[in-house]
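Undergrad: structure_22.cif is the file, holding mmCIF, C-alpha atoms:
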```cif
data_query
#
loop_
_atom_site.label_atom_id
_atom_site.label_comp_id
_atom_site.auth_asym_id
_atom_site.auth_seq_id
_atom_site.Cartn_x
_atom_site.Cartn_y
_atom_site.Cartn_z
CA MET X 28 175.40 37.74 77.70
CA GLU X 29 178.24 35.73 79.14
CA GLY X 30 178.32 35.44 82.92
CA LEU X 31 174.96 37.07 83.53
CA ASP X 32 172.53 35.03 85.58
CA LYS X 33 169.11 34.82 83.90
CA VAL X 34 167.22 34.57 87.19
CA ILE X 35 168.99 37.50 88.88
CA HIS X 36 169.16 39.67 85.76
CA GLN X 37 165.51 40.78 86.17
CA PRO X 38 165.74 44.26 87.83
CA ASN X 39 163.49 43.55 90.83
CA ARG X 40 165.15 40.21 91.57
CA LEU X 41 168.53 41.92 91.29
CA ARG X 42 167.42 44.46 93.93
CA ILE X 43 165.96 41.73 96.14
CA MET X 44 169.25 39.82 96.08
CA ALA X 45 171.24 43.03 96.68
CA ALA X 46 169.09 43.82 99.72
CA LEU X 47 169.36 40.29 101.13
CA LEU X 48 173.13 40.24 100.66
CA ALA X 49 173.44 43.58 102.46
CA LEU X 50 172.26 41.83 105.63
CA ASP X 51 174.72 40.27 108.06
CA PRO X 52 175.05 36.48 107.67
CA ASP X 53 172.93 35.84 110.79
CA GLU X 54 170.17 38.26 109.78
CA ARG X 55 166.88 37.37 108.08
CA ALA X 56 164.54 39.83 106.39
CA GLU X 57 160.82 39.79 107.06
CA PHE X 58 158.53 39.79 104.02
CA THR X 59 156.83 43.15 104.76
CA PHE X 60 160.24 44.76 105.43
CA LEU X 61 161.32 43.80 101.91
CA CYS X 62 158.00 45.05 100.46
CA ASP X 63 158.49 48.48 102.09
CA LEU X 64 162.21 48.65 101.34
CA LEU X 65 161.93 47.78 97.65
CA GLU X 66 158.50 49.40 97.15
CA LEU X 67 156.99 46.21 95.72
CA THR X 68 153.48 44.87 96.21
CA ASP X 69 152.96 41.63 98.17
CA GLY X 70 152.04 39.72 95.02
CA ASN X 71 154.97 41.04 93.02
CA LEU X 72 157.51 40.32 95.75
CA GLY X 73 155.98 36.89 96.39
CA ALA X 74 156.30 35.95 92.70
CA HIS X 75 159.93 37.07 92.50
CA LEU X 76 160.82 35.27 95.73
CA GLN X 77 159.21 32.10 94.39
CA ARG X 78 161.42 32.33 91.32
CA LEU X 79 164.53 32.85 93.48
CA GLN X 80 163.53 29.98 95.75
CA ASP X 81 163.03 27.67 92.73
CA ALA X 82 166.60 28.52 91.70
CA ARG X 83 167.67 27.74 95.31
CA TYR X 84 169.04 31.25 95.71
CA VAL X 85 166.97 32.08 98.80
CA MET X 86 165.45 30.25 101.74
CA ILE X 87 161.96 31.15 102.92
CA GLU X 88 160.68 30.26 106.37
CA LYS X 89 157.16 30.86 107.60
CA LYS X 90 156.63 30.89 111.34
CA PHE X 91 154.41 32.34 114.04
CA VAL X 92 155.78 35.08 116.25
CA GLY X 93 153.22 35.35 119.03
CA ARG X 94 149.96 34.87 117.13
CA LYS X 95 151.08 36.52 113.91
CA PRO X 96 152.41 34.57 110.94
CA ARG X 97 155.68 35.98 109.63
CA THR X 98 157.78 35.07 106.64
CA TYR X 99 161.55 35.39 106.82
CA ILE X 100 163.89 35.29 103.84
CA TRP X 101 167.65 34.91 103.60
CA PRO X 102 170.11 34.09 100.79
CA THR X 103 171.68 30.67 100.36
CA ALA X 104 175.39 30.11 99.68
CA ARG X 105 174.42 29.27 96.10
CA GLY X 106 172.47 32.54 95.86
CA ARG X 107 175.39 34.56 97.23
CA ALA X 108 177.79 32.99 94.73
CA ALA X 109 175.37 33.54 91.81
CA PHE X 110 174.81 37.18 92.79
CA GLU X 111 178.51 37.90 93.15
CA ALA X 112 179.23 36.26 89.79
CA HIS X 113 176.44 38.33 88.22
CA VAL X 114 177.79 41.59 89.65
CA GLU X 115 181.27 40.67 88.46
CA ALA X 116 179.88 40.04 84.96
CA LEU X 117 178.21 43.48 85.04
CA ARG X 118 181.55 45.05 85.97
CA ARG X 119 183.28 43.26 83.07
CA ILE X 120 180.64 44.53 80.66
CA ILE X 121 181.13 48.10 81.89
CA ALA X 122 184.92 47.79 81.65
CA GLY X 123 184.62 46.36 78.14
CA ALA X 124 182.19 49.09 77.07
CA SER X 125 184.53 51.78 78.41
CA GLU X 126 187.45 50.40 76.39
CA ASP X 127 185.43 50.47 73.12
CA MET O 18 179.77 53.79 76.44
CA ASN O 19 177.37 51.68 74.35
CA GLU O 20 173.79 50.75 75.25
CA VAL O 21 174.76 47.42 76.84
CA GLY O 22 177.37 49.12 79.00
CA GLU O 23 174.88 51.75 80.10
CA GLY O 24 172.38 49.04 81.04
CA ALA O 25 175.05 47.27 83.11
CA ALA O 26 175.99 50.54 84.82
CA ARG O 27 172.33 51.17 85.70
CA ALA O 28 172.03 47.65 87.12
CA LEU O 29 175.14 48.13 89.26
CA ALA O 30 173.83 51.49 90.49
CA ALA O 31 170.54 49.79 91.47
CA VAL O 32 172.51 47.12 93.38
CA GLU O 33 174.49 49.74 95.28
CA GLN O 34 171.38 51.77 96.06
CA ALA O 35 169.53 48.68 97.36
CA ARG O 36 172.53 47.72 99.52
CA GLN O 37 172.88 51.17 101.09
CA ARG O 38 169.14 51.59 101.65
CA THR O 39 168.96 48.18 103.33
CA ARG O 40 171.86 48.92 105.71
CA ARG O 41 170.40 52.32 106.60
CA GLN O 42 166.98 50.81 107.27
CA VAL O 43 168.44 48.04 109.42
CA GLU O 44 170.89 50.17 111.38
CA TRP O 45 168.86 53.33 111.94
CA TRP O 46 165.26 52.14 112.08
CA GLY O 47 163.72 53.36 115.35
CA ALA O 48 166.92 55.16 116.40
CA ASP O 49 165.36 58.57 115.72
CA ILE O 50 162.48 57.93 118.14
CA ILE O 51 164.79 56.38 120.76
CA PHE O 52 167.17 59.35 120.72
CA MET O 53 164.38 61.93 120.80
CA MET O 54 162.71 60.08 123.67
CA TRP O 55 165.94 59.85 125.72
CA GLY O 56 166.81 63.44 124.84
CA ALA O 57 163.49 64.57 126.32
CA ILE O 58 164.02 62.34 129.40
CA TRP O 59 167.55 63.71 130.01
CA LEU O 60 166.31 67.24 129.54
CA VAL O 61 163.33 66.95 131.91
CA THR O 62 164.95 64.82 134.67
CA ASN O 63 168.07 66.99 134.85
CA LEU O 64 166.15 70.28 134.78
CA VAL O 65 163.94 68.97 137.61
CA ASN O 66 167.07 67.85 139.46
CA GLN O 67 168.48 71.38 139.12
CA PHE O 68 165.42 73.48 139.89
CA LEU O 69 163.05 71.15 141.83
CA PRO O 70 165.38 68.70 143.57
CA GLY O 71 162.59 67.45 145.84
CA MET O 72 160.74 66.07 142.78
CA SER O 73 163.83 64.51 141.25
CA GLY O 74 163.39 60.97 142.63
CA ILE O 75 159.75 60.69 141.52
CA MET O 76 160.50 62.10 138.09
CA GLN O 77 163.42 59.73 137.49
CA GLY O 78 161.45 56.81 138.94
CA VAL O 79 158.68 57.36 136.40
CA LEU O 80 160.47 58.58 133.26
CA ILE O 81 163.51 56.28 133.20
CA PRO O 82 161.51 53.00 133.41
CA LEU O 83 159.18 54.40 130.73
CA GLY O 84 162.21 55.16 128.54
CA ILE O 85 163.62 51.66 129.04
CA ALA O 86 160.25 50.07 128.24
CA GLY O 87 159.86 52.23 125.12
CA THR O 88 163.38 51.36 123.95
CA VAL O 89 162.78 47.61 124.44
CA ILE O 90 159.47 47.77 122.50
CA ILE O 91 161.01 49.71 119.58
CA LEU O 92 164.07 47.44 119.34
CA ARG O 93 161.95 44.28 119.54
CA ARG O 94 159.79 45.59 116.70
CA GLY O 95 162.96 46.29 114.71
CA ASN O 96 164.13 42.74 115.35
CA LEU O 97 160.86 41.40 113.92
CA ARG O 98 161.56 43.21 110.63
CA VAL O 99 165.11 41.91 110.38
CA SER O 100 165.78 39.13 112.84
CA GLY O 101 169.31 38.49 114.05
CA ALA O 102 171.49 37.95 117.08
CA TRP O 103 172.17 41.68 117.54
CA LEU O 104 169.22 42.33 119.87
CA ARG O 105 170.36 39.81 122.48
CA GLN O 106 173.94 41.11 122.26
CA PHE O 107 172.71 44.69 122.60
CA PHE O 108 170.62 44.00 125.73
CA THR O 109 173.37 41.85 127.28
CA PHE O 110 175.90 44.64 126.79
CA TRP O 111 173.75 47.37 128.39
CA LEU O 112 172.65 45.08 131.22
CA LEU O 113 176.26 44.21 132.06
CA LEU O 114 177.32 47.85 131.81
CA PHE O 115 174.61 48.95 134.27
CA ALA O 116 175.38 46.01 136.58
CA TYR O 117 179.03 47.12 136.56
CA GLY O 118 177.96 50.70 137.34
CA ALA O 119 175.65 49.57 140.14
CA MET O 120 178.44 47.47 141.66
CA TRP O 121 180.81 50.43 141.78
CA LEU O 122 178.14 52.74 143.17
CA CYS O 123 177.60 50.26 146.02
CA LEU O 124 181.34 49.82 146.63
CA LEU O 125 182.10 53.56 146.62
CA ALA O 126 179.07 54.70 148.66
CA PRO O 127 178.60 57.14 150.25
CA VAL O 128 179.52 59.52 147.44
CA ASN O 129 178.11 63.00 146.93
CA GLU O 130 175.18 63.47 144.58
CA HIS O 131 177.11 65.36 141.91
CA ARG O 132 179.71 62.63 141.59
CA ILE O 133 177.10 59.85 141.46
CA GLY O 134 175.16 61.73 138.80
CA LEU O 135 178.26 62.44 136.75
CA PHE O 136 179.34 58.79 137.02
CA VAL O 137 175.94 57.46 135.85
CA HIS O 138 175.71 59.91 132.93
CA THR O 139 179.26 59.24 131.75
CA LEU O 140 178.73 55.47 132.15
CA VAL O 141 175.89 55.72 129.61
CA LEU O 142 178.15 57.76 127.35
CA PHE O 143 180.90 55.15 127.72
CA GLY O 144 178.29 52.69 126.40
CA PHE O 145 177.97 54.91 123.34
CA VAL O 146 181.75 54.92 122.86
CA VAL O 147 181.82 51.10 122.97
CA MET O 148 178.86 50.88 120.58
CA GLY O 149 180.56 53.33 118.24
CA ILE O 150 183.59 51.04 118.05
CA TRP O 151 181.52 47.84 118.00
CA LEU O 152 179.12 48.97 115.24
CA GLN O 153 181.78 51.06 113.47
CA THR O 154 179.53 54.12 113.84
CA LYS O 155 181.65 57.22 114.27
CA LEU O 156 178.59 59.25 115.23
CA PHE O 157 178.11 57.25 118.47
CA LEU O 158 181.83 57.34 119.22
CA TRP O 159 182.07 61.12 118.91
CA VAL O 160 178.80 61.78 120.75
CA GLY O 161 180.05 59.61 123.65
CA LEU O 162 183.50 61.22 123.80
CA SER O 163 182.42 64.84 123.31
CA LEU O 164 179.52 64.70 125.79
CA THR O 165 181.77 63.03 128.38
CA ALA O 166 184.29 65.86 127.97
CA ALA O 167 181.49 68.46 128.18
CA PHE O 168 180.04 66.90 131.36
CA VAL O 169 183.43 66.68 133.09
CA ALA O 170 184.11 70.30 132.10
CA GLY O 171 180.69 71.23 133.53
CA TYR O 172 181.53 69.42 136.77
CA MET O 173 184.74 71.42 137.14
CA LEU O 174 183.56 74.81 135.89
CA LEU O 175 179.78 74.95 136.51
CA TYR O 176 179.44 72.85 139.67
CA GLN O 177 176.33 74.68 140.97
CA TRP O 178 174.65 74.48 137.58
CA LEU O 179 175.81 71.00 136.62
CA TRP O 180 172.32 69.47 136.10
CA ALA O 181 171.10 72.38 134.01
CA TRP O 182 174.28 72.00 131.92
CA VAL O 183 173.76 68.23 131.55
CA ALA O 184 170.09 68.81 130.65
CA MET O 185 170.84 71.34 127.95
CA VAL O 186 173.97 69.79 126.46
CA GLY O 187 173.08 66.09 126.86
CA GLY O 188 169.33 66.30 126.29
CA GLY O 189 169.80 68.83 123.50
CA THR O 190 172.40 66.68 121.73
CA PHE O 191 170.20 63.58 121.88
CA LEU O 192 167.17 65.49 120.60
CA CYS O 193 169.20 66.96 117.72
CA LEU O 194 170.67 63.53 116.99
CA GLY O 195 167.16 62.06 116.77
CA VAL O 196 166.08 64.76 114.32
CA PHE O 197 169.29 64.32 112.29
CA ILE O 198 168.77 60.54 112.04
CA ARG O 199 165.15 61.03 110.97
CA LEU O 200 166.02 63.60 108.29
CA LYS O 201 169.32 62.26 106.97
CA LEU O 202 170.15 58.69 107.90
CA ARG O 203 166.88 56.79 107.68
CA ARG O 204 166.15 57.71 104.06
#
```
Can the structure from this file be put into structure tokens for me?

TA:
Amino acid sequence: MEGLDKVIHQPNRLRIMAALLALDPDERAEFTFLCDLLELTDGNLGAHLQRLQDARYVMIEKKFVGRKPRTYIWPTARGRAAFEAHVEALRRIIAGASED
Amino acid sequence: MNEVGEGAARALAAVEQARQRTRRQVEWWGADIIFMMWGAIWLVTNLVNQFLPGMSGIMQGVLIPLGIAGTVIILRRGNLRVSGAWLRQFFTFWLLLFAYGAMWLCLLAPVNEHRIGLFVHTLVLFGFVVMGIWLQTKLFLWVGLSLTAAFVAGYMLLYQWLWAWVAMVGGGTFLCLGVFIRLKLRR
């Protein structure tokens, strides 16, 4: 369908992007926070994030905080634009369907 | 609405739900425990101040540092889940507010115990008013304003029972707020 982003269209990736874009611009979400929030398994979330990273929609940084490894994720400008365009396309579809 | 339109509407609903859940989790995570903890501390320290004034210094000297340490630990854990600049700004604000309060206490000393106590309690509540405006959280704004009004009214009308009043109204409000956040806002 016109305007819909194939990468973001998948329901879990759509929710991941929605959650990341709900953060303030200076905030970064930790991997386990996203797992709990979206009720996804580690493997499932990891696979979806990989897909979003390949599309350059998110940045992923792994670092040690104290002795524990932590993974932080945040959306790129390209990801923000793609998500907003996707949501706009969804709104157009709804508006069109309501007129029919 | 056709099937495609319904699918789009479901997707938009999922987006909105994910957005709201994320903001609630970021903004209110740990707040329930912090409010319940400080509610209990306000309740106990002020009741001791009212009924066992000789124990007041020891009680405050133990419970308040414990409350500060607990708050720092909870907020640092929250900042590990979603990292951002807010934690540094939050600590800087409260540190400056207490430094400002300490400065005025030194400049105005000696002041009677009731006035010092009222000043310190309302200074904390002023912090809530500022945070309510800063974070656009009406709940903090109204808690700060209404408790300040209640404490000043207590000072004027219930002078002999001021600490019992502060314990019940202030501690009770914070405890209820903690329960409210746990039941309603964190979900």

Undergrad: Quick one: which chain X residues come within 8 Å of chain O, and what is the nearest atom pair for each with the distance in Å to one decimal, counting only C-alpha atoms, rows ordered by chain and ascending number, as a tab-separated table?

TA:
```
residue	atom	partner	partner_atom	distance
X:Pro38	CA	O:Ala28	CA	7.2
X:Leu41	CA	O:Val32	CA	6.9
X:Arg42	CA	O:Val32	CA	5.8
X:Ile43	CA	O:Ala35	CA	7.9
X:Ala45	CA	O:Val32	CA	5.4
X:Ala46	CA	O:Arg36	CA	5.2
X:Leu48	CA	O:Arg36	CA	7.6
X:Ala49	CA	O:Arg36	CA	5.2
X:Leu50	CA	O:Arg40	CA	7.1
X:Asp53	CA	O:Gly101	CA	5.5
X:Glu54	CA	O:Gly101	CA	4.4
X:Arg55	CA	O:Ser100	CA	5.2
X:Ala56	CA	O:Val99	CA	4.5
X:Glu57	CA	O:Arg98	CA	5.0
X:Thr59	CA	O:Arg98	CA	7.5
X:Phe60	CA	O:Arg98	CA	5.6
X:Leu64	CA	O:Thr39	CA	7.1
X:Leu65	CA	O:Ala35	CA	7.7
X:Val114	CA	O:Leu29	CA	7.1
X:Leu117	CA	O:Ala25	CA	5.3
X:Arg118	CA	O:Ala25	CA	7.4
X:Ile120	CA	O:Gly22	CA	5.9
X:Ile121	CA	O:Gly22	CA	4.9
X:Gly123	CA	O:Gly22	CA	7.8
X:Ala124	CA	O:Gly22	CA	5.2
X:Ser125	CA	O:Met18	CA	5.5
X:Asp127	CA	O:Met18	CA	7.4
```

Undergrad: I need the residue set behind the PyMOL selection byres ((chain O and resi 48) around 12) for this file; please write it as a PyMOL selection string.

TA: chain O and resi 41-47+49-56+87-89+91-92+94-95+157+191-192+194-200+202-203

Undergrad: For CA of Asn39 in chain X and CA of His75 in chain X, quote the distance in Å rounded to one decimal.

TA: 7.6 Å

Undergrad: What is the distance, in Å and to one decimal place, between CA of Trp178 in chain O and CA of Thr190 in chain O?

TA: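 These atoms are spaced 17.8 Å apart.
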
Undergrad: Spell out the residues picked by the PyMOL selection byres ((chain O and resi 107) around 12) here, as a list in words.

TA: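 For this structure, the PyMOL selection byres ((chain O and resi 107) around 12) resolves to Thr88, Val89, Leu92, Arg93, Asn96, Gly101, Ala102, Trp103, Leu104, Arg105, Gln106, Phe108, Thr109, Phe110, Trp111, Leu112, Leu113, Leu114, Gly144, Phe145, Val147, Met148, Trp151 and Leu152 of chain O.
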
Undergrad: Can you work out the spacing between CA of Val137 in chain O and CA of Leu122 in chain O in Å, to one decimal?

TA: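 CA of Leu122 in chain O lies at a distance of 9.0 Å from CA of Val137 in chain O.
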
Undergrad: Mind listing as a PyMOL selection string all residues within 7 Å of (183.9, 57.4, 125.6), counting all atoms listed in the file?

TA: chain O and resi 142-143+145-146+158+161-162+165

Undergrad: Could you pull the residues within 8 Å of Thr98 in chain X, counting only C-alpha atoms, minus those fewer than 6 positions along the same chain, as a short mmCIF file (atom, residue, chain, number, x, y, z; two decimals) with C-alpha atoms, keeping the file's coordinate frame?

TA:
```
data_model
loop_
_atom_site.label_atom_id
_atom_site.label_comp_id
_atom_site.auth_asym_id
_atom_site.auth_seq_id
_atom_site.Cartn_x
_atom_site.Cartn_y
_atom_site.Cartn_z
CA GLU X 57 160.82 39.79 107.06
CA PHE X 58 158.53 39.79 104.02
CA ILE X 87 161.96 31.15 102.92
CA GLU X 88 160.68 30.26 106.37
CA LYS X 89 157.16 30.86 107.60
CA LYS X 90 156.63 30.89 111.34
#
```

Undergrad: Would you kindly return, as a tab-separated table (two decimals) with C-alpha atoms, keeping the file's coordinate frame, each protein, DNA or RNA residue with an atom no farther than 12 Å from any atom of Arg78 in chain X, considering all atoms listed in the file and excluding same-chain residues fewer than 3 positions away?

TA:
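Contents of out16.tsv, as written:
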```tsv
chain	number	residue	atom	x	y	z
X	33	LYS	CA	169.11	34.82	83.90
X	34	VAL	CA	167.22	34.57	87.19
X	35	ILE	CA	168.99	37.50	88.88
X	37	GLN	CA	165.51	40.78	86.17
X	39	ASN	CA	163.49	43.55	90.83
X	40	ARG	CA	165.15	40.21	91.57
X	41	LEU	CA	168.53	41.92	91.29
X	43	ILE	CA	165.96	41.73	96.14
X	44	MET	CA	169.25	39.82	96.08
X	71	ASN	CA	154.97	41.04	93.02
X	72	LEU	CA	157.51	40.32	95.75
X	73	GLY	CA	155.98	36.89	96.39
X	74	ALA	CA	156.30	35.95	92.70
X	75	HIS	CA	159.93	37.07	92.50
X	81	ASP	CA	163.03	27.67	92.73
X	82	ALA	CA	166.60	28.52	91.70
X	83	ARG	CA	167.67	27.74	95.31
X	84	TYR	CA	169.04	31.25	95.71
X	85	VAL	CA	166.97	32.08	98.80
X	86	MET	CA	165.45	30.25	101.74
X	87	ILE	CA	161.96	31.15	102.92
X	106	GLY	CA	172.47	32.54	95.86
```

Undergrad: Quick one: 8 Å padding each side, axis-aligned, all listed atoms of range 107-121 of chain X - centre and edge lengths in Å to one decimal, as lines of an AutoDock Vina configuration file?

TA:
```
center_x = 179.0
center_y = 40.5
center_z = 88.9
size_x = 24.5
size_y = 31.1
size_z = 32.6
```

Undergrad: Got a sec to resolve the PyMOL selection byres ((chain O and resi 166) around 12) on this structure and send the residues as a JSON list (two decimals) with C-alpha atoms, keeping the file's coordinate frame?

TA:
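Saved result, part.json, follows:
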```json
[["chain", "number", "residue", "atom", "x", "y", "z"],
["O", 135, "LEU", "CA", 178.26, 62.44, 136.75],
["O", 138, "HIS", "CA", 175.71, 59.91, 132.93],
["O", 139, "THR", "CA", 179.26, 59.24, 131.75],
["O", 142, "LEU", "CA", 178.15, 57.76, 127.35],
["O", 143, "PHE", "CA", 180.90, 55.15, 127.72],
["O", 159, "TRP", "CA", 182.07, 61.12, 118.91],
["O", 160, "VAL", "CA", 178.80, 61.78, 120.75],
["O", 161, "GLY", "CA", 180.05, 59.61, 123.65],
["O", 162, "LEU", "CA", 183.50, 61.22, 123.80],
["O", 163, "SER", "CA", 182.42, 64.84, 123.31],
["O", 164, "LEU", "CA", 179.52, 64.70, 125.79],
["O", 165, "THR", "CA", 181.77, 63.03, 128.38],
["O", 167, "ALA", "CA", 181.49, 68.46, 128.18],
["O", 168, "PHE", "CA", 180.04, 66.90, 131.36],
["O", 169, "VAL", "CA", 183.43, 66.68, 133.09],
["O", 170, "ALA", "CA", 184.11, 70.30, 132.10],
["O", 171, "GLY", "CA", 180.69, 71.23, 133.53],
["O", 172, "TYR", "CA", 181.53, 69.42, 136.77],
["O", 173, "MET", "CA", 184.74, 71.42, 137.14],
["O", 174, "LEU", "CA", 183.56, 74.81, 135.89],
["O", 183, "VAL", "CA", 173.76, 68.23, 131.55],
["O", 186, "VAL", "CA", 173.97, 69.79, 126.46],
["O", 187, "GLY", "CA", 173.08, 66.09, 126.86]]
```

Undergrad: Using all atoms listed in the file, which protein or nucleic acid residues come within 7 Å of His113 in chain X? Drop anything in the same chain fewer than 4 positions from it, and give the result as a count of residues only.

TA: 5

Undergrad: Near Ala181 in chain O, counting only C-alpha atoms, which residues have an atom at most 12 Å away, once you skip same-chain residues fewer than 5 positions from it, shown as a ChimeraX atom specification?

TA: /O:59-70,168,171-172,175-176,186-189

Undergrad: Mind checking which residues fall within 7 Å of range 74-80 of chain O, counting all atoms listed in the file, ignoring those fewer than 3 positions away in the same chain, and posting them as a ChimeraX atom specification?

TA: /O:58,62,83-84

Undergrad: Missing atoms in range 95-111 of chain O: fill them in up to N, CA, C and O atoms and send the result as a compact mmCIF listing (two decimals), in the frame of the given file.

TA:
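This went into rebuild.txt:
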```
# COMPACT_ATOMS: atom_id res chain seq x y z
N GLY O 95 161.92 46.28 115.74
CA GLY O 95 162.96 46.29 114.71
C GLY O 95 163.48 44.89 114.43
O GLY O 95 163.73 44.51 113.29
N ASN O 96 163.60 44.09 115.49
CA ASN O 96 164.13 42.74 115.35
C ASN O 96 163.12 41.81 114.67
O ASN O 96 163.49 40.76 114.16
N LEU O 97 161.85 42.20 114.66
CA LEU O 97 160.86 41.40 113.92
C LEU O 97 161.00 41.67 112.42
O LEU O 97 160.73 40.79 111.60
N ARG O 98 161.41 42.88 112.05
CA ARG O 98 161.56 43.21 110.63
C ARG O 98 162.79 42.54 110.05
O ARG O 98 162.76 42.03 108.94
N VAL O 99 163.88 42.62 110.79
CA VAL O 99 165.11 41.91 110.38
C VAL O 99 165.61 41.19 111.61
O VAL O 99 166.13 41.82 112.54
N SER O 100 165.41 39.87 111.64
CA SER O 100 165.78 39.13 112.84
C SER O 100 167.27 38.80 112.80
O SER O 100 167.84 38.58 111.74
N GLY O 101 167.88 38.80 113.97
CA GLY O 101 169.31 38.49 114.05
C GLY O 101 169.72 38.43 115.50
O GLY O 101 168.92 38.69 116.41
N ALA O 102 171.00 38.12 115.71
CA ALA O 102 171.49 37.95 117.08
C ALA O 102 171.78 39.28 117.77
O ALA O 102 172.03 39.33 118.96
N TRP O 103 171.72 40.39 117.01
CA TRP O 103 172.17 41.68 117.54
C TRP O 103 171.38 42.13 118.76
O TRP O 103 171.92 42.74 119.67
N LEU O 104 170.06 41.82 118.79
CA LEU O 104 169.22 42.33 119.87
C LEU O 104 169.66 41.76 121.22
O LEU O 104 169.78 42.49 122.20
N ARG O 105 169.92 40.45 121.23
CA ARG O 105 170.36 39.81 122.48
C ARG O 105 171.72 40.37 122.91
O ARG O 105 171.94 40.65 124.09
N GLN O 106 172.61 40.55 121.94
CA GLN O 106 173.94 41.11 122.26
C GLN O 106 173.82 42.53 122.80
O GLN O 106 174.50 42.90 123.75
N PHE O 107 172.92 43.30 122.19
CA PHE O 107 172.71 44.69 122.60
C PHE O 107 172.22 44.76 124.05
O PHE O 107 172.77 45.50 124.87
N PHE O 108 171.17 43.98 124.37
CA PHE O 108 170.62 44.00 125.73
C PHE O 108 171.64 43.47 126.74
O PHE O 108 171.76 43.99 127.84
N THR O 109 172.36 42.43 126.36
CA THR O 109 173.37 41.85 127.28
C THR O 109 174.43 42.90 127.61
O THR O 109 174.80 43.07 128.77
N PHE O 110 174.87 43.62 126.58
CA PHE O 110 175.90 44.64 126.79
C PHE O 110 175.42 45.71 127.77
O PHE O 110 176.11 46.03 128.75
N TRP O 111 174.23 46.28 127.53
CA TRP O 111 173.75 47.37 128.39
C TRP O 111 173.44 46.88 129.80
O TRP O 111 173.70 47.58 130.78
```
